[in-house]
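Take a look at the structure set out below.
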Amino acid sequence: MNAPLLNEASLMAVVAGEFVCVGLQVVHLFLVLFRGRRASGLLACALELAALLHLALALILTVGAGLIGAPVLAWALEASRAFWLLWVNALFAALAVVYAVRLRAPAALADALFMGLCAPAVIRALGPAWNVAAVLDIAWFLFRGLSGIVDDLVRRSEELSGLSLAEALMGIPAGILVVGATGGSAFMNVRMRECLQALGFPCDLGDQSGLWRRLSALGRDLSAEASSLGVPEALAAGQQRLLVDLPDATTWLFARDVGGAQGRGARIVCLDVTEAVRTNAALSRTNREIEEAAEELRATLADVGCAAEAAAYLRMRSRVHDVVGQRLSILHRYLETGRTDAASVAELDRLLSSVMADLRGGGRDASAELEAVVAAFALVGVDVEVAGELPAGEAGSVLAHIVREACTNACRHGHARRVFVDMGPRRGGRVFVLTVFDDGEAGEGPIIERGGIAGMRRRVGALGGTLSAERGARFTLRAEIPMEGGAR
C-alpha cells in the first residue's frame with residue numbers, strides 16, 4: 001500500500017484548515033474567559049489556551065513544511081529545528097485527561113488523543129501515515145471550535161443579564177417608572193408609556209418629578225375608594241396609591257414608594273384593576289340591596305297583625321334562611337376559589353341581584369326553581385346531579401325547597417363537591433320519595449335540628465308527609481309525601 005502523500009494543493013488545504021481552527025479557537029477562548037465565574041473556570045481556560053497553542057504550533061510548523069514542499073509531514077517536521085517543541089503536545093494531552101476526569105467530560109479525551117498524536121515520538125512512529133493523523137486533527141478541532149462557539153452563544157443568550165432583565169421589564173403587563181434623584185426618567189417600560197400617553201402626560205426621558213401631583217389631580221385615593229365601597233383596603237406599607245380612570249374605560253392602580261425621592265429617586269408602578277373595581281362595586285350594590293331588603297322585612301314584620309304574627313314570622317324567617325343562606329354559602333365558596341374572570345363575575349352579579357326577587361316570592365314554578373339551584377351551585381364548583389322529576393302543585397314547590405336547603409347545608413357544613421338528588425313515585429305511586437345525599441363530611445354525633453331541618457320538616461308535615469335525616473357514611477335527607485290518586 002502506498003504511503004499517503006500530500007501534494008501542493010492538499011498541503012494548502014491543510015494550512016487553510018489550521019488557520020480557520022486557530023481563528024475559531026481564539027473566539028472560543030475569549031467567550032470562555034468572559035463566562036460567569038465557576039469552580040471549573042480556571043481549568044477550562046487552561047484547556048482552551050492549550051488547544052490554541054497546539055493549533056498555532058501546528059500551523060507554524062505546517063507552513064514551514066509547505067515552504068520546502070515535503071509530501072510527508074512527518075519527514076518535514078523531523079527536519080525542522082523546532083521539532084522538539086512538539087513535546088509540549090504531550091503536556092497538553094495530559095491536561096486534557098485531567099480535565100476529562102475531574103469534570104467528567106468525555107469529549108476532552110478526544111482532545112487528549114489528537115494532541116498526543118502530535119508528540120514527536122508518535123510522529124516518528126507513524127512516519128508517512130502521520131499525514132492522516134494531521135488531517136483528522138484539523139477536522140476534530142474545526143468541529144470542536146464551531147460547536148464550542150455555538151454552545152457559548154446559546155449559554156450567553158440564556159444567562160440573566162442587565163439587558164435581558166430590562167427587556168423582561170419592558171414587556172410585563174404592569175407599568176414601571178423609575179425617576180432619578182434629579183427628577184429625570186431613569187427607566188420607563190412600554191405599559192407605563194402607554195398609560196401616560198392615554199392620559200396626555202409626557203412620556204419621554206424629561207423631568208417626571210411632578211408626575212404624581214398630576215396623577216393625584218385626576219385620580220382618587222385608594223383608601224377613600226375602599227371606604228365608599230365598603231370593602232377592605234389592600235395592605236401596602238410605605239406606599240401611596242391612587243385609582244385612575246383611563247379614557248378607554250379601564251381603571252389602573254398607581255403606587256409610589258413613600259420617601260423614595262429624597263436623594264435616591266422614586267419608583268412608580270401601575271396595574272390594571274378594572275375587574276377588581278367592578279367586582280367591588282357589584283358587591284357594594286348587593287350589600288345595599290340586602291340592607292334595603294332587611295329594612296323592608298322589618299317594616300313588613302311591623303305591619304303583621306297580632307293574630308298572624310307568629311305564622312308570618314316563621315314564614316319570613318324560613319324565606320330569609322333559604323334565600324340569603326344559600327346566597328351567602330355560594331358567595332363564600334366563590335370567594336375561596338378566587339375567580340375574577342368576566343363570565344364568573346357577571347353570573348355572580350346576576351345571582352346576588354336576584355335576592356330581592358326571591359325574598360318577595362319569585363313566582364317561578366318548581367322545575368325552574370330546581371334548575372336555578374343547580375345553576376347557582378355550579379357557579380362555585382358544586383355539581384348537583386338530579387335523577388327524576390318533581391311532582392306538580394304544592395308538593396313540587398316543597399320538594400324544590402328541600403333540595404335547595406340540602407344543597408346549602410352540604411356546601412356550608414359538609415364542604416361537598418357533589419350532591420345527588422333522587423326522586424320519584426314509590427309504592428305503586430301512592431308515595432313520592434325524595435332522597436338527597438352528598439360526598440361531603442358527614443360529621444359525628446347526634447343530629448341537632450335547627451331552623452333549616454325544622455323548617456323542612458314543617459313544610460313536609462303540612463302535606464301529610466315525613467322527613468328523616470340520617471348521618472352514616474353520607475349525610476342523607478329523605479322526604480316522603482303521599483300522592484292523591486296514586487300513580488299518574
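Chain identifiers are assigned as A, B, and so on, following the order in which chains appear in the C-alpha cells; residues are numbered from 1 within each chain, and ligands are numbered from 1 in order of appearance.
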
To test your reading of the structure, identify every residue in segment 6-137 of chain A that backbone DSSP assigns to helix (DSSP H, G or I), and report it as a ChimeraX atom specification. /A:8-33,41-68,73-79,83-102,107-116,120-137

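The interatomic distance for the pair atom CA of Val14 of chain A and atom CA of Leu55 of chain A works out to 11.8 Å.
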
Extract, using only C-alpha atoms, all DNA, RNA and protein residues at most 8 Å from Asp152 of chain A, discarding same-chain residues fewer than 2 positions from it, and format them as a PDB file with N, CA and C atoms, in the first residue's frame.
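Listing of out-v3.pdb after writing:
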```
ATOM      1  N   HIS A  28     -13.429  31.286  20.672  1.00  0.00           N
ATOM      2  CA  HIS A  28     -13.966  30.425  21.747  1.00  0.00           C
ATOM      3  C   HIS A  28     -13.266  30.709  23.070  1.00  0.00           C
ATOM      4  N   LEU A  31     -14.701  33.834  24.657  1.00  0.00           N
ATOM      5  CA  LEU A  31     -16.041  33.594  25.212  1.00  0.00           C
ATOM      6  C   LEU A  31     -15.967  32.827  26.528  1.00  0.00           C
ATOM      7  N   VAL A  32     -15.027  31.883  26.617  1.00  0.00           N
ATOM      8  CA  VAL A  32     -14.860  31.131  27.869  1.00  0.00           C
ATOM      9  C   VAL A  32     -14.313  32.038  28.970  1.00  0.00           C
ATOM     10  N   GLY A 148     -18.151  24.657  19.989  1.00  0.00           N
ATOM     11  CA  GLY A 148     -17.905  25.413  21.217  1.00  0.00           C
ATOM     12  C   GLY A 148     -18.439  26.838  21.144  1.00  0.00           C
ATOM     13  N   ILE A 149     -18.271  27.481  19.973  1.00  0.00           N
ATOM     14  CA  ILE A 149     -18.788  28.842  19.819  1.00  0.00           C
ATOM     15  C   ILE A 149     -20.306  28.848  19.868  1.00  0.00           C
ATOM     16  N   VAL A 150     -20.944  27.885  19.203  1.00  0.00           N
ATOM     17  CA  VAL A 150     -22.411  27.805  19.241  1.00  0.00           C
ATOM     18  C   VAL A 150     -22.899  27.598  20.665  1.00  0.00           C
ATOM     19  N   VAL A 154     -25.299  30.172  22.849  1.00  0.00           N
ATOM     20  CA  VAL A 154     -26.568  29.737  23.455  1.00  0.00           C
ATOM     21  C   VAL A 154     -26.540  29.973  24.953  1.00  0.00           C
ATOM     22  N   ARG A 155     -25.418  29.676  25.587  1.00  0.00           N
ATOM     23  CA  ARG A 155     -25.302  29.868  27.039  1.00  0.00           C
ATOM     24  C   ARG A 155     -25.451  31.348  27.415  1.00  0.00           C
ATOM     25  N   ARG A 156     -24.811  32.226  26.624  1.00  0.00           N
ATOM     26  CA  ARG A 156     -24.895  33.649  26.929  1.00  0.00           C
ATOM     27  C   ARG A 156     -26.298  34.193  26.706  1.00  0.00           C
TER      28      ARG A 156
END
```

Please identify all polymer residues within 6 Å of Ala255 of chain A, counting only C-alpha atoms, omitting same-chain residues fewer than 2 positions from it, and present them as a ChimeraX atom specification. /A:240-241,268-269

Just to be explicit: take each residue in the selection above, keep C-alpha atoms, and write the result as a PDB file, in the first residue's frame.
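Dumped everything to part_19.pdb:
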```
ATOM      1  CA  GLN A 240     -49.131  55.972  48.230  1.00  0.00           C
ATOM      2  CA  ARG A 241     -51.857  54.538  45.974  1.00  0.00           C
ATOM      3  CA  ILE A 268     -43.985  54.384  40.384  1.00  0.00           C
ATOM      4  CA  VAL A 269     -45.820  51.255  39.238  1.00  0.00           C
TER       5      VAL A 269
END
```

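Between atom CA of Ala400 of chain A and atom CA of Arg427 of chain A lies a distance of 21.4 Å.
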
Thr466 of chain A surroundings by only C-alpha atoms, 9 Å radius, close-in-sequence under 4 positions cut, as a list in words: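 What passes the distance filter is Arg457, Val460, Gly461, Arg478, Ala479, Glu480 and Ile481 of chain A.
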
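Atom pair atom CA of Ala46 of chain A / atom CA of Leu33 of chain A has a distance of 10.0 Å (rounded to one decimal).
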
Please return as a PyMOL selection string: the residues of segment 29-270 of chain A that backbone DSSP assigns to strand (DSSP E). chain A and resi 175-179+185-188+220-221+239-245+251-257+266-270
